[in-house]
2 protein chains.
Amino acid sequence: MGARYASPIRVWIGAMKTNAIFKRTYNSCLKLLSTEPIGDDLGSEPHLAARLDVSRTTIRAALAALSARDLIRVNGREKIIQRRPVPSDYYPEIETEPVSDIVEKRFMQWILHGDCKPGQQINSLELARQFGVSTSAIREYLNGFSQFGLLERRPSGSWIVKGFTKEFARELSEVRELFELRSVQRFVELPDSDAVWGSLDIINRDHLRLKEDVEKRHADFPALDERFHRLINNTSRNRFMVNFYALISMIFHSHYQLSRVDEKERHSVAIGEHLAYIAALQSRDKELAMAHCRAHLNTARATLLRSMDVNAPA
Amino acid sequence: MGARYASPIRVWIGAMKTNAIFKRTYNSCLKLLSTEPIGDDLGSEPHLAARLDVSRTTIRAALAALSARDLIRVNGREKIIQRRPVPSDYYPEIETEPVSDIVEKRFMQWILHGDCKPGQQINSLELARQFGVSTSAIREYLNGFSQFGLLERRPSGSWIVKGFTKEFARELSEVRELFELRSVQRFVELPDSDAVWGSLDIINRDHLRLKEDVEKRHADFPALDERFHRLINNTSRNRFMVNFYALISMIFHSHYQLSRVDEKERHSVAIGEHLAYIAALQSRDKELAMAHCRAHLNTARATLLRSMDVNAPA
DNA sequence: TGACTGTTTATTATCGACTAAAAGATGGGA
DNA sequence: TCCCATCTTTTAGTCGATAATAAACAGTCA
C-alpha cells in the first residue's frame, strides 16, 4: 500500500475513436467515382449518405478530402468529378476496419489455431500487444465472446480458455438439434403462401446445380449450407434460437476453413442429405422431416468430432 | 472537422479500481472478530485468505486497517483481538459492491420497472450519471446484457430497448421448456446412486414443510423454486442450457419481486405442481415426468404473461 | 522442514480524456 | 415548399493511467 503516486501532470498520448468509418466511406466514394464519367456530378450529400449508409457528417468529411486531393471540384451544390482515382488514392483495407472487427478476426484465429491450450489463462495485456489494440478492446471482446462457452471467468477476473473440446462440440450439437427440430415442426406447418417455400425451392435448385458440378464447385457448399440452415432456424421466430444459430454458424464456418480432409466427399454426402431433408420438408410430413433433420445433424456432429481428432488430438 | 485539439497537457483526475473487495473483506473480518472472545488470535494470513476467498494481499490490507483502528494488535505472528467492533466500524454496504454489480442491479430495476418504453434509445451518458458510474461501465454492461435479447444494437452503435414484451416472454418460455424437458429425460435415467436423488429428496421435504406453513412462509417459495429447477437443469451437463437457466432465473426473480398480486395463491399452486413433478421424477417414469414438467411450465408461462398484463398494459 | 510473514511483480478493474460520427438546428436557394 | 449545405450539439468508441488485487518470490521462525 506504499505511496506510489506519480506526478499528476501527464502528457496526453493516444486514445481516440478511430476514423475507420471515414476511411471506408472515402474508399467507397472513390469506387463510385471510378464508375462514373469525368465531369459528372456526384449527387447531393443526403443521397450519398443514404447510399453508403453513413451520416452526412461523414460524407462531408469524405467530400472535403476528395476535394483536397483534386479528385472532385466542389462548387456550391455541384461536385464535379475531376480525375480517375489511382490505387494509391485508396486507404489501406486494414485502416477501414473498426477495432472491434480487428479484435474479432485476430482472436478467432488465435483461439482456433493458435497455440492456446485448454486450461490456459488469458493474458489480456499480452493479447493486446499482440493484436495491436488496447487492453480495453480485448476486455470488451472477451466479455462478449464468453457467452459462446469457450471461456470461463475466474473469480479473480482473469479468463481461462476452456478450449474447443469434444465436450463442447457435443453440447453445441445437442442444442442445435433441439432448436432445429423445433424449427422444422414450425416449418412444415407454414401455409403454402408463406415466402419460405419459395426460398426453399431456390435453395433446392442451388443444391441440384451444385451437385452436378460438385467436382469444381464443392467449395461453394459452406455458403449454401449456411443459407439452408439459417432459413430453417429463422422460422422459429425465436430470438434465442436465431442467436444460437449465429454461434453454430461461426463455429462451423471456422471448421470448414480448418479441416480440409476429404472435403469434397463430405460435401457430397451433405448435399445428398440436404436434398432428402428438403424433399421431406416439401412433403409437409412432419415426422419424415424431423427424421431427416436428425439424420443430417448426426452426420454433421460426427464430422465435427472427427475433424477434432485430426486437428487437436487432445 | 475544425481543429479543436486542446492542449496536450492534462491534469490526471480520477480513474482507478475500486477497493470494494478490501472493504468487504474488512467487514467480514469484523464479523469474525465479533464472534470470537477478546484476546483470541485470528489465525494466519493464508488461513484467513482461504476462508474469505481473497488473496493474502487483501487480507494483509484488512489486518493493517484493523490494527490501525486498534481492533487487533499485531505482534509478530500474533493477531490479538483487542475490542468488539461497533456498527460505525463497518464500511457501508454499498461500498462493498463492485461497480459491475451496482450497474447490474440498477439496470435491471431500470429496465423492468423504470420508465423505459420499447423502442426507446438508451443514452449511456445519461444512465452513467443516473447510476453514478462511468460510461465505460454502462457500455460494458450493455454489451453483456444484449445477449439476453432485450436490447438491440443500432448501426450507429447506440442501443434501443426492445422491451420486456409478451413476445419476449413467449420465446423465453419456449426455450425453457425445450431445455427442461431434455434435462428431465436425462434426470430419470440417472442411476440410483447419483447424488441428485438425495438432493431431490431434500427439496421434496422442503416443499412439504413449506406447504404446511404456506400462510406465513410463502415468501420463501421463490428460493425453493430456483433450487428445484436449477437441480434439474444442471443435470443436462450442457453449458448452454445451464447458462440459459441463469437468464430464466434472473427474469423470474425480478418478476417475483414485482408482481405481488395473488402471490400466496400462485405459490400454493406452484408448490402442488412441484410436488407432483417431483413424484413423477422419483417414479423414474419418463413420460409422466415430462407431462408434469410441461404442465408446470405452462402454468409458469401463463403466470408470467398475466403479470405483464397487470404491470405493463402495452 | 514446512508453514508463516515480508516484499516484489504481474494482471485486472475502472475511469475520464479525447475525437469520430451521428443527430439536430438554422438559414438559403431553386 | 422542399431540398440542400453549413453550423452546433449530442453520443459513442478507443485509449492509457492508476490503484486494487492476485500471484510469485524470498527470507524467517518454530
# chains A, B, ... in the order shown; residues from 1 in each chain; ligands from 1
$ calpha_fit_and_write --fixed "chain A" --moving "chain B" --output "short mmCIF file (atom, residue, chain, number, x, y, z; two decimals) with C-alpha atoms, in the first residue's frame"
data_model
loop_
_atom_site.label_atom_id
_atom_site.label_comp_id
_atom_site.auth_asym_id
_atom_site.auth_seq_id
_atom_site.Cartn_x
_atom_site.Cartn_y
_atom_site.Cartn_z
CA MET B 1 0.51 -0.17 0.02
CA GLY B 2 3.47 2.17 -0.35
CA ALA B 3 2.88 5.70 -1.56
CA ARG B 4 3.58 5.24 -5.24
CA TYR B 5 1.50 8.15 -6.41
CA ALA B 6 3.02 9.78 -9.42
CA SER B 7 2.85 13.44 -10.22
CA PRO B 8 -0.72 14.45 -11.01
CA ILE B 9 0.43 16.32 -14.11
CA ARG B 10 0.27 14.09 -17.18
CA VAL B 11 0.72 14.62 -20.87
CA TRP B 12 -2.16 13.25 -22.87
CA ILE B 13 -0.87 10.87 -25.48
CA GLY B 14 -3.39 8.82 -27.39
CA ALA B 15 -6.89 7.41 -27.06
CA MET B 16 -9.50 8.20 -29.61
CA LYS B 17 -12.11 6.61 -31.79
CA THR B 18 -10.64 5.24 -35.00
CA ASN B 19 -11.90 6.70 -38.25
CA ALA B 20 -12.41 3.31 -39.89
CA ILE B 21 -15.90 4.27 -40.99
CA PHE B 22 -14.61 7.36 -42.71
CA LYS B 23 -11.96 5.36 -44.53
CA ARG B 24 -14.40 2.69 -45.60
CA THR B 25 -16.81 5.35 -46.79
CA TYR B 26 -14.03 7.09 -48.68
CA ASN B 27 -13.08 3.82 -50.37
CA SER B 28 -16.70 3.17 -51.26
CA CYS B 29 -16.91 6.60 -52.82
CA LEU B 30 -13.83 5.82 -54.89
CA LYS B 31 -15.47 2.64 -56.13
CA LEU B 32 -18.52 4.67 -57.06
CA LEU B 33 -16.36 7.21 -58.86
CA SER B 34 -14.63 4.55 -60.89
CA THR B 35 -17.91 3.28 -62.32
CA GLU B 36 -19.25 6.66 -63.40
CA PRO B 37 -17.96 8.68 -66.35
CA ILE B 38 -15.73 11.68 -65.70
CA GLY B 39 -17.70 14.88 -65.55
CA ASP B 40 -20.73 13.30 -63.93
CA ASP B 41 -22.32 14.55 -60.73
CA LEU B 42 -22.14 12.33 -57.65
CA GLY B 43 -25.58 13.25 -56.32
CA SER B 44 -26.65 14.90 -53.11
CA GLU B 45 -25.19 14.24 -49.70
CA PRO B 46 -28.34 12.70 -48.26
CA HIS B 47 -28.58 10.31 -51.20
CA LEU B 48 -24.99 9.19 -50.79
CA ALA B 49 -25.44 8.83 -47.07
CA ALA B 50 -28.47 6.60 -47.50
CA ARG B 51 -26.74 4.57 -50.17
CA LEU B 52 -23.62 3.88 -48.14
CA ASP B 53 -25.53 3.59 -44.89
CA VAL B 54 -23.58 6.20 -42.97
CA SER B 55 -24.39 9.62 -41.63
CA ARG B 56 -24.14 12.77 -43.68
CA THR B 57 -21.31 13.92 -41.45
CA THR B 58 -19.19 11.07 -42.69
CA ILE B 59 -20.17 11.64 -46.31
CA ARG B 60 -19.16 15.27 -46.02
CA ALA B 61 -15.78 14.29 -44.60
CA ALA B 62 -15.25 11.85 -47.47
CA LEU B 63 -16.28 14.42 -50.06
CA ALA B 64 -13.92 16.95 -48.55
CA ALA B 65 -11.09 14.43 -48.77
CA LEU B 66 -11.98 13.58 -52.36
CA SER B 67 -12.00 17.24 -53.21
CA ALA B 68 -8.67 17.83 -51.48
CA ARG B 69 -7.12 15.11 -53.64
CA ASP B 70 -8.67 16.54 -56.79
CA LEU B 71 -10.82 13.49 -57.43
CA ILE B 72 -13.89 15.65 -57.53
CA ARG B 73 -14.54 19.38 -57.79
CA VAL B 74 -17.22 20.73 -55.50
CA ASN B 75 -19.06 23.76 -56.74
CA GLY B 76 -22.12 24.67 -54.73
CA ARG B 77 -24.35 21.64 -54.98
CA GLU B 78 -22.38 20.06 -57.77
CA LYS B 79 -19.75 17.37 -57.16
CA ILE B 80 -18.10 16.81 -60.52
CA ILE B 81 -15.88 13.77 -61.06
CA GLN B 82 -12.45 14.95 -62.15
CA ARG B 83 -10.34 11.84 -62.67
CA ARG B 84 -10.28 8.04 -62.27
CA PRO B 85 -9.04 6.79 -58.90
CA VAL B 86 -5.83 4.78 -58.89
CA PRO B 87 -5.02 1.96 -56.43
CA SER B 88 -2.88 4.25 -54.32
CA ASP B 89 -5.88 6.49 -53.71
CA TYR B 90 -7.53 3.78 -51.60
CA TYR B 91 -6.95 3.33 -47.91
CA PRO B 92 -5.54 -0.09 -47.01
CA GLU B 93 -8.22 -2.64 -46.22
CA ILE B 94 -7.02 -3.16 -42.66
CA GLU B 95 -7.61 0.47 -41.78
CA THR B 96 -11.26 0.25 -42.75
CA GLU B 97 -12.11 -2.27 -40.05
CA PRO B 98 -13.33 -1.18 -36.64
CA VAL B 99 -11.17 -2.35 -33.79
CA SER B 100 -13.85 -4.72 -32.55
CA ASP B 101 -13.83 -6.60 -35.85
CA ILE B 102 -10.07 -6.85 -35.84
CA VAL B 103 -10.11 -8.28 -32.35
CA GLU B 104 -12.82 -10.76 -33.26
CA LYS B 105 -10.95 -12.03 -36.28
CA ARG B 106 -7.62 -12.31 -34.55
CA PHE B 107 -9.08 -13.87 -31.46
CA MET B 108 -10.99 -16.57 -33.35
CA GLN B 109 -7.82 -17.41 -35.16
CA TRP B 110 -5.91 -17.47 -31.90
CA ILE B 111 -8.31 -19.74 -30.07
CA LEU B 112 -9.07 -22.12 -32.92
CA HIS B 113 -5.63 -22.76 -34.26
CA GLY B 114 -3.35 -20.79 -32.10
CA ASP B 115 -1.13 -22.38 -29.54
CA CYS B 116 -3.56 -22.01 -26.70
CA LYS B 117 -4.19 -25.07 -24.58
CA PRO B 118 -7.25 -25.89 -22.49
CA GLY B 119 -6.83 -24.61 -18.97
CA GLN B 120 -4.45 -21.91 -20.05
CA GLN B 121 -4.86 -18.50 -18.51
CA ILE B 122 -5.41 -15.59 -20.82
CA ASN B 123 -3.05 -12.69 -20.46
CA SER B 124 -4.99 -9.74 -21.75
CA LEU B 125 -2.00 -7.43 -21.85
CA GLU B 126 -0.09 -9.94 -23.93
CA LEU B 127 -3.03 -10.44 -26.28
CA ALA B 128 -3.46 -6.70 -26.61
CA ARG B 129 0.15 -6.28 -27.67
CA GLN B 130 -0.10 -9.23 -30.03
CA PHE B 131 -3.25 -7.91 -31.67
CA GLY B 132 -2.12 -4.31 -31.71
CA VAL B 133 -5.07 -3.01 -29.70
CA SER B 134 -5.63 -1.78 -26.19
CA THR B 135 -6.34 -4.00 -23.22
CA SER B 136 -9.77 -2.44 -23.00
CA ALA B 137 -10.63 -3.75 -26.44
CA ILE B 138 -9.51 -7.23 -25.44
CA ARG B 139 -11.39 -7.05 -22.21
CA GLU B 140 -14.57 -6.03 -23.96
CA TYR B 141 -14.30 -8.77 -26.49
CA LEU B 142 -13.60 -11.47 -23.92
CA ASN B 143 -16.65 -10.35 -22.01
CA GLY B 144 -18.88 -10.88 -24.99
CA PHE B 145 -17.15 -14.01 -26.15
CA SER B 146 -17.52 -15.70 -22.79
CA GLN B 147 -21.17 -16.31 -23.52
CA PHE B 148 -20.10 -18.88 -26.09
CA GLY B 149 -18.91 -21.15 -23.35
CA LEU B 150 -15.31 -21.45 -24.49
CA LEU B 151 -13.99 -19.30 -21.68
CA GLU B 152 -14.38 -19.31 -17.95
CA ARG B 153 -13.90 -16.52 -15.49
CA ARG B 154 -11.73 -17.11 -12.49
CA PRO B 155 -12.65 -15.46 -9.21
CA SER B 156 -9.58 -13.30 -9.57
CA GLY B 157 -11.05 -11.88 -12.73
CA SER B 158 -8.75 -13.44 -15.26
CA TRP B 159 -10.00 -15.74 -17.98
CA ILE B 160 -9.03 -19.30 -18.66
CA VAL B 161 -9.50 -21.10 -21.94
CA LYS B 162 -11.82 -24.06 -21.63
CA GLY B 163 -10.85 -25.00 -25.12
CA PHE B 164 -12.64 -26.19 -28.17
CA THR B 165 -13.09 -29.70 -26.85
CA LYS B 166 -15.20 -32.63 -27.92
CA GLU B 167 -17.40 -31.99 -24.95
CA PHE B 168 -18.04 -28.50 -26.25
CA ALA B 169 -18.86 -29.85 -29.69
CA ARG B 170 -21.27 -32.35 -28.20
CA GLU B 171 -23.11 -29.75 -26.15
CA LEU B 172 -23.24 -27.36 -29.07
CA SER B 173 -24.64 -30.03 -31.36
CA GLU B 174 -27.22 -31.09 -28.85
CA VAL B 175 -28.72 -27.63 -28.59
CA ARG B 176 -28.44 -27.16 -32.31
CA GLU B 177 -30.56 -30.23 -32.89
CA LEU B 178 -33.16 -29.23 -30.32
CA PHE B 179 -33.56 -25.82 -31.92
CA GLU B 180 -33.53 -26.90 -35.51
CA LEU B 181 -36.06 -29.66 -34.90
CA ARG B 182 -38.36 -27.14 -33.35
CA SER B 183 -37.88 -24.80 -36.29
CA VAL B 184 -38.66 -27.63 -38.69
CA GLN B 185 -41.94 -28.22 -36.93
CA ARG B 186 -42.80 -24.57 -37.43
CA PHE B 187 -41.54 -24.59 -40.98
CA VAL B 188 -43.79 -27.34 -42.37
CA GLU B 189 -46.81 -25.67 -40.86
CA LEU B 190 -46.25 -22.34 -42.59
CA PRO B 191 -48.95 -21.51 -45.17
CA ASP B 192 -48.11 -21.98 -48.83
CA SER B 193 -48.28 -18.24 -49.25
CA ASP B 194 -45.31 -17.69 -46.94
CA ALA B 195 -42.18 -16.31 -48.54
CA VAL B 196 -39.99 -19.05 -47.08
CA TRP B 197 -41.28 -21.58 -49.61
CA GLY B 198 -39.99 -19.41 -52.43
CA SER B 199 -36.65 -19.02 -50.65
CA LEU B 200 -36.51 -22.76 -50.16
CA ASP B 201 -37.11 -23.32 -53.88
CA ILE B 202 -34.21 -21.04 -54.73
CA ILE B 203 -31.95 -22.79 -52.25
CA ASN B 204 -33.02 -26.13 -53.68
CA ARG B 205 -32.14 -24.95 -57.18
CA ASP B 206 -28.75 -23.70 -56.00
CA HIS B 207 -28.07 -27.08 -54.44
CA LEU B 208 -28.88 -28.85 -57.69
CA ARG B 209 -26.60 -26.52 -59.63
CA LEU B 210 -23.81 -26.96 -57.16
CA LYS B 211 -24.23 -30.72 -57.25
CA GLU B 212 -23.74 -30.78 -60.99
CA ASP B 213 -20.51 -28.85 -60.79
CA VAL B 214 -19.30 -30.06 -57.43
CA GLU B 215 -15.85 -30.84 -58.78
CA LYS B 216 -15.01 -27.22 -59.39
CA ARG B 217 -17.34 -25.31 -57.12
CA HIS B 218 -17.46 -27.37 -53.94
CA ALA B 219 -15.85 -24.47 -52.08
CA ASP B 220 -19.13 -22.61 -52.49
CA PHE B 221 -20.91 -25.08 -50.26
CA PRO B 222 -20.28 -23.48 -46.86
CA ALA B 223 -22.09 -20.30 -47.88
CA LEU B 224 -25.02 -22.29 -49.21
CA ASP B 225 -25.10 -24.41 -46.07
CA GLU B 226 -25.26 -21.26 -44.02
CA ARG B 227 -28.14 -19.86 -46.10
CA PHE B 228 -30.13 -23.06 -45.81
CA HIS B 229 -29.86 -23.55 -42.09
CA ARG B 230 -30.34 -19.89 -41.40
CA LEU B 231 -33.58 -19.95 -43.35
CA ILE B 232 -34.84 -22.80 -41.22
CA ASN B 233 -33.72 -21.34 -37.92
CA ASN B 234 -35.17 -17.95 -38.70
CA THR B 235 -38.64 -19.43 -38.92
CA SER B 236 -38.44 -20.18 -35.23
CA ARG B 237 -39.33 -16.53 -34.57
CA ASN B 238 -37.35 -16.93 -31.42
CA ARG B 239 -34.46 -14.58 -30.73
CA PHE B 240 -32.65 -17.12 -28.59
CA MET B 241 -32.67 -19.69 -31.34
CA VAL B 242 -31.64 -17.17 -33.96
CA ASN B 243 -28.83 -15.87 -31.76
CA PHE B 244 -27.65 -19.35 -31.07
CA TYR B 245 -27.47 -20.05 -34.74
CA ALA B 246 -25.06 -17.14 -35.03
CA LEU B 247 -22.71 -19.04 -32.74
CA ILE B 248 -23.17 -22.28 -34.69
CA SER B 249 -22.47 -20.40 -37.84
CA MET B 250 -19.29 -18.89 -36.50
CA ILE B 251 -17.97 -22.20 -35.22
CA PHE B 252 -18.72 -24.12 -38.36
CA HIS B 253 -17.39 -21.35 -40.55
CA SER B 254 -14.12 -21.43 -38.68
CA HIS B 255 -13.98 -25.17 -38.98
CA TYR B 256 -14.70 -25.17 -42.66
CA GLN B 257 -11.64 -23.03 -43.03
CA LEU B 258 -9.57 -25.30 -40.89
CA SER B 259 -10.23 -28.85 -41.83
CA ARG B 260 -9.66 -29.40 -45.48
CA VAL B 261 -9.40 -33.17 -45.26
CA ASP B 262 -11.82 -34.95 -47.61
CA GLU B 263 -13.46 -31.62 -48.10
CA LYS B 264 -14.99 -32.37 -51.46
CA GLU B 265 -16.43 -35.68 -50.35
CA ARG B 266 -17.90 -34.27 -47.18
CA HIS B 267 -19.54 -31.49 -49.13
CA SER B 268 -20.96 -33.95 -51.64
CA VAL B 269 -22.50 -36.01 -48.88
CA ALA B 270 -23.92 -32.91 -47.24
CA ILE B 271 -25.44 -31.72 -50.50
CA GLY B 272 -27.20 -35.05 -50.88
CA GLU B 273 -28.53 -34.85 -47.34
CA HIS B 274 -29.67 -31.29 -47.85
CA LEU B 275 -31.58 -32.21 -50.97
CA ALA B 276 -33.42 -35.00 -49.17
CA TYR B 277 -34.04 -32.67 -46.23
CA ILE B 278 -35.42 -29.98 -48.53
CA ALA B 279 -37.67 -32.45 -50.32
CA ALA B 280 -39.02 -33.61 -46.97
CA LEU B 281 -39.76 -30.03 -45.98
CA GLN B 282 -41.51 -29.41 -49.28
CA SER B 283 -43.65 -32.48 -48.75
CA ARG B 284 -44.95 -30.83 -45.56
CA ASP B 285 -44.52 -34.19 -43.84
CA LYS B 286 -43.46 -33.21 -40.36
CA GLU B 287 -42.14 -36.57 -39.22
CA LEU B 288 -40.21 -37.12 -42.41
CA ALA B 289 -38.67 -33.65 -42.28
CA MET B 290 -37.64 -34.15 -38.67
CA ALA B 291 -36.08 -37.49 -39.52
CA HIS B 292 -34.00 -35.95 -42.28
CA CYS B 293 -33.06 -33.06 -40.04
CA ARG B 294 -31.82 -35.51 -37.39
CA ALA B 295 -29.90 -37.53 -39.91
CA HIS B 296 -28.17 -34.50 -41.37
CA LEU B 297 -27.27 -32.96 -38.04
CA ASN B 298 -25.89 -36.29 -36.90
CA THR B 299 -23.57 -36.30 -39.88
CA ALA B 300 -22.58 -32.72 -39.19
CA ARG B 301 -21.78 -33.52 -35.60
CA ALA B 302 -19.76 -36.56 -36.56
CA THR B 303 -17.82 -34.53 -39.08
CA LEU B 304 -17.10 -31.84 -36.52
CA LEU B 305 -15.91 -34.38 -33.97
CA ARG B 306 -13.78 -36.19 -36.49
CA SER B 307 -12.11 -32.99 -37.64
CA MET B 308 -11.19 -32.33 -34.03
CA ASP B 309 -9.40 -35.66 -33.88
CA VAL B 310 -7.29 -34.58 -36.80
CA ASN B 311 -6.57 -31.04 -35.76
CA ALA B 312 -6.21 -31.30 -32.02
CA PRO B 313 -5.52 -34.81 -30.76
CA ALA B 314 -6.09 -33.85 -27.14
#
$ closest_atom_pairs --of "chain D" --to "chain A" --cutoff "12 Å" --atoms "only C-alpha atoms (C1' of nucleotides)" --output "Markdown table"
| residue | atom | partner | partner_atom | distance |
| --- | --- | --- | --- | --- |
| D:DC3 | C1' | A:Pro46 | CA | 9.5 |
| D:DC4 | C1' | A:Ser44 | CA | 7.6 |
| D:DA5 | C1' | A:Arg77 | CA | 7.8 |
| D:DT6 | C1' | A:Arg60 | CA | 10.6 |
| D:DC7 | C1' | A:Thr57 | CA | 11.3 |
| D:DA12 | C1' | A:Lys17 | CA | 8.8 |
| D:DG13 | C1' | A:Lys17 | CA | 5.0 |
| D:DT14 | C1' | A:Lys17 | CA | 4.9 |
| D:DC15 | C1' | A:Ala15 | CA | 3.3 |
| D:DG16 | C1' | A:Ala15 | CA | 6.9 |
| D:DA17 | C1' | A:Arg10 | CA | 9.0 |
| D:DT18 | C1' | A:Tyr5 | CA | 8.3 |
| D:DA19 | C1' | A:Tyr5 | CA | 9.3 |
| D:DA20 | C1' | A:Met1 | CA | 9.5 |
| D:DT21 | C1' | A:Ser156 | CA | 8.0 |
| D:DA22 | C1' | A:Ser156 | CA | 7.1 |
| D:DA23 | C1' | A:Ser156 | CA | 10.7 |
$ interface_residues --of "chain C" --to "chain A" --cutoff "12 Å" --atoms "only C-alpha atoms (C1' of nucleotides)" --output "tab-separated table (two decimals) with N, CA and C atoms (P, O5', C5', C4', C3', O3' and C1' of nucleotides), in the first residue's frame"
chain	number	residue	atom	x	y	z
C	7	DT	P	8.89	-5.73	4.47
C	7	DT	O5'	8.96	-6.32	3.00
C	7	DT	C5'	10.12	-7.05	2.60
C	7	DT	C4'	10.10	-7.31	1.10
C	7	DT	C3'	9.75	-6.09	0.23
C	7	DT	O3'	10.77	-5.96	-0.74
C	7	DT	C1'	8.44	-7.96	-0.40
C	10	DA	P	7.07	-8.96	-13.59
C	10	DA	O5'	5.52	-9.33	-13.54
C	10	DA	C5'	5.18	-10.69	-13.29
C	10	DA	C4'	3.68	-10.87	-13.33
C	10	DA	C3'	2.98	-10.39	-14.60
C	10	DA	O3'	2.00	-11.36	-14.89
C	10	DA	C1'	2.04	-9.30	-12.74
C	11	DT	P	1.30	-11.32	-16.31
C	11	DT	O5'	-0.17	-10.88	-15.93
C	11	DT	C5'	-0.83	-11.48	-14.83
C	11	DT	C4'	-2.09	-10.71	-14.53
C	11	DT	C3'	-2.76	-10.08	-15.77
C	11	DT	O3'	-4.06	-10.56	-15.85
C	11	DT	C1'	-2.60	-8.52	-14.01
C	12	DT	P	-5.07	-9.98	-16.92
C	12	DT	O5'	-6.13	-9.27	-15.99
C	12	DT	C5'	-6.59	-9.93	-14.81
C	12	DT	C4'	-7.45	-8.99	-14.01
C	12	DT	C3'	-8.58	-8.33	-14.79
C	12	DT	O3'	-9.74	-8.33	-13.99
C	12	DT	C1'	-7.23	-6.67	-13.81
C	13	DA	P	-11.10	-7.78	-14.51
C	13	DA	O5'	-11.18	-6.37	-13.77
C	13	DA	C5'	-11.31	-6.36	-12.36
C	13	DA	C4'	-11.70	-4.98	-11.88
C	13	DA	C3'	-12.91	-4.36	-12.57
C	13	DA	O3'	-13.64	-3.66	-11.56
C	13	DA	C1'	-10.98	-3.02	-12.97
C	14	DT	P	-15.01	-3.00	-11.92
C	14	DT	O5'	-14.61	-1.49	-12.23
C	14	DT	C5'	-13.99	-0.73	-11.20
C	14	DT	C4'	-13.53	0.59	-11.77
C	14	DT	C3'	-14.55	1.30	-12.66
C	14	DT	O3'	-15.07	2.39	-11.91
C	14	DT	C1'	-12.32	1.47	-13.50
C	15	DC	P	-16.17	3.32	-12.54
C	15	DC	O5'	-15.27	4.51	-13.09
C	15	DC	C5'	-14.28	5.05	-12.22
C	15	DC	C4'	-13.34	5.92	-13.00
C	15	DC	C3'	-14.05	6.90	-13.90
C	15	DC	O3'	-14.00	8.19	-13.30
C	15	DC	C1'	-12.20	5.86	-15.01
C	16	DG	P	-15.00	9.29	-13.75
C	16	DG	O5'	-14.11	10.14	-14.76
C	16	DG	C5'	-12.88	10.67	-14.27
C	16	DG	C4'	-12.02	11.11	-15.42
C	16	DG	C3'	-12.64	12.18	-16.32
C	16	DG	O3'	-11.61	13.10	-16.65
C	16	DG	C1'	-12.08	10.28	-17.61
C	17	DA	P	-11.88	14.36	-17.53
C	17	DA	O5'	-10.97	14.06	-18.80
C	17	DA	C5'	-9.62	13.63	-18.60
C	17	DA	C4'	-8.95	13.44	-19.95
C	17	DA	C3'	-9.38	14.47	-20.99
C	17	DA	O3'	-8.26	14.85	-21.78
C	17	DA	C1'	-9.98	12.30	-21.73
C	18	DC	P	-8.46	16.14	-22.67
C	18	DC	O5'	-8.77	15.52	-24.11
C	18	DC	C5'	-7.84	14.63	-24.69
C	18	DC	C4'	-8.50	13.90	-25.83
C	18	DC	C3'	-9.30	14.83	-26.75
C	18	DC	O3'	-8.63	14.96	-27.99
C	18	DC	C1'	-10.45	12.81	-26.28
C	19	DT	P	-9.26	15.96	-29.08
C	19	DT	O5'	-9.78	14.97	-30.22
C	19	DT	C5'	-8.97	13.88	-30.65
C	19	DT	C4'	-9.85	12.88	-31.38
C	19	DT	C3'	-10.61	13.47	-32.57
C	19	DT	O3'	-10.58	12.54	-33.64
C	19	DT	C1'	-12.13	12.51	-31.04
C	20	DA	P	-11.12	12.89	-35.06
C	20	DA	O5'	-12.22	11.76	-35.26
C	20	DA	C5'	-11.86	10.40	-35.05
C	20	DA	C4'	-13.08	9.53	-35.22
C	20	DA	C3'	-13.85	9.75	-36.50
C	20	DA	O3'	-14.35	8.49	-36.91
C	20	DA	C1'	-15.20	10.34	-34.63
C	21	DA	P	-15.08	8.34	-38.29
C	21	DA	O5'	-16.58	8.61	-37.89
C	21	DA	C5'	-17.22	7.67	-37.03
C	21	DA	C4'	-18.59	8.18	-36.68
C	21	DA	C3'	-19.45	8.60	-37.87
C	21	DA	O3'	-20.55	7.71	-37.91
C	21	DA	C1'	-19.60	10.16	-36.07
C	22	DA	P	-21.79	7.95	-38.90
C	22	DA	O5'	-22.85	8.57	-37.90
C	22	DA	C5'	-23.15	7.86	-36.72
C	22	DA	C4'	-24.18	8.60	-35.91
C	22	DA	C3'	-25.44	8.98	-36.70
C	22	DA	O3'	-26.55	8.69	-35.88
C	22	DA	C1'	-24.49	10.91	-35.73
C	23	DA	P	-28.03	8.87	-36.38
C	23	DA	O5'	-28.43	10.26	-35.73
C	23	DA	C5'	-28.23	10.45	-34.34
C	23	DA	C4'	-28.68	11.84	-33.95
C	23	DA	C3'	-29.95	12.30	-34.66
C	23	DA	O3'	-30.78	12.93	-33.71
C	23	DA	C1'	-28.24	13.87	-34.99
C	24	DG	P	-32.23	13.41	-34.13
C	24	DG	O5'	-32.13	14.98	-33.94
C	24	DG	C5'	-31.44	15.50	-32.79
C	24	DG	C4'	-31.15	16.96	-32.98
C	24	DG	C3'	-32.30	17.77	-33.58
C	24	DG	O3'	-32.50	18.92	-32.77
C	24	DG	C1'	-30.33	18.20	-34.77
C	28	DG	P	-30.09	33.29	-44.57
C	28	DG	O5'	-29.83	32.57	-45.96
C	28	DG	C5'	-28.57	31.91	-46.20
C	28	DG	C4'	-28.68	31.08	-47.46
C	28	DG	C3'	-29.36	31.79	-48.63
C	28	DG	O3'	-28.72	31.42	-49.83
C	28	DG	C1'	-30.56	29.84	-48.10
C	29	DG	P	-28.76	32.41	-51.03
C	29	DG	O5'	-29.28	31.46	-52.20
C	29	DG	C5'	-28.51	30.31	-52.57
C	29	DG	C4'	-29.45	29.28	-53.18
C	29	DG	C3'	-30.23	29.78	-54.41
C	29	DG	O3'	-30.16	28.80	-55.41
C	29	DG	C1'	-31.70	28.86	-52.83
C	30	DA	P	-30.21	29.14	-56.93
C	30	DA	O5'	-31.33	28.15	-57.48
C	30	DA	C5'	-31.06	26.75	-57.55
C	30	DA	C4'	-32.37	25.99	-57.45
C	30	DA	C3'	-33.33	26.29	-58.60
C	30	DA	O3'	-33.78	25.07	-59.15
C	30	DA	C1'	-34.42	26.50	-56.50
$ select_by_dssp --residues "stretch 220-314 of chain A" --states "alpha helix (DSSP H)" --output "JSON, numbers by chain"
{"A": [221, 222, 223, 224, 225, 226, 227, 228, 229, 230, 231, 232, 233, 234, 239, 240, 241, 242, 243, 244, 245, 246, 247, 248, 249, 250, 251, 252, 253, 254, 255, 256, 257, 258, 263, 264, 265, 266, 267, 268, 269, 270, 271, 272, 273, 274, 275, 276, 277, 278, 279, 280, 281, 282, 286, 287, 288, 289, 290, 291, 292, 293, 294, 295, 296, 297, 298, 299, 300, 301, 302, 303, 304, 305, 306, 307, 308, 309, 310, 311]}
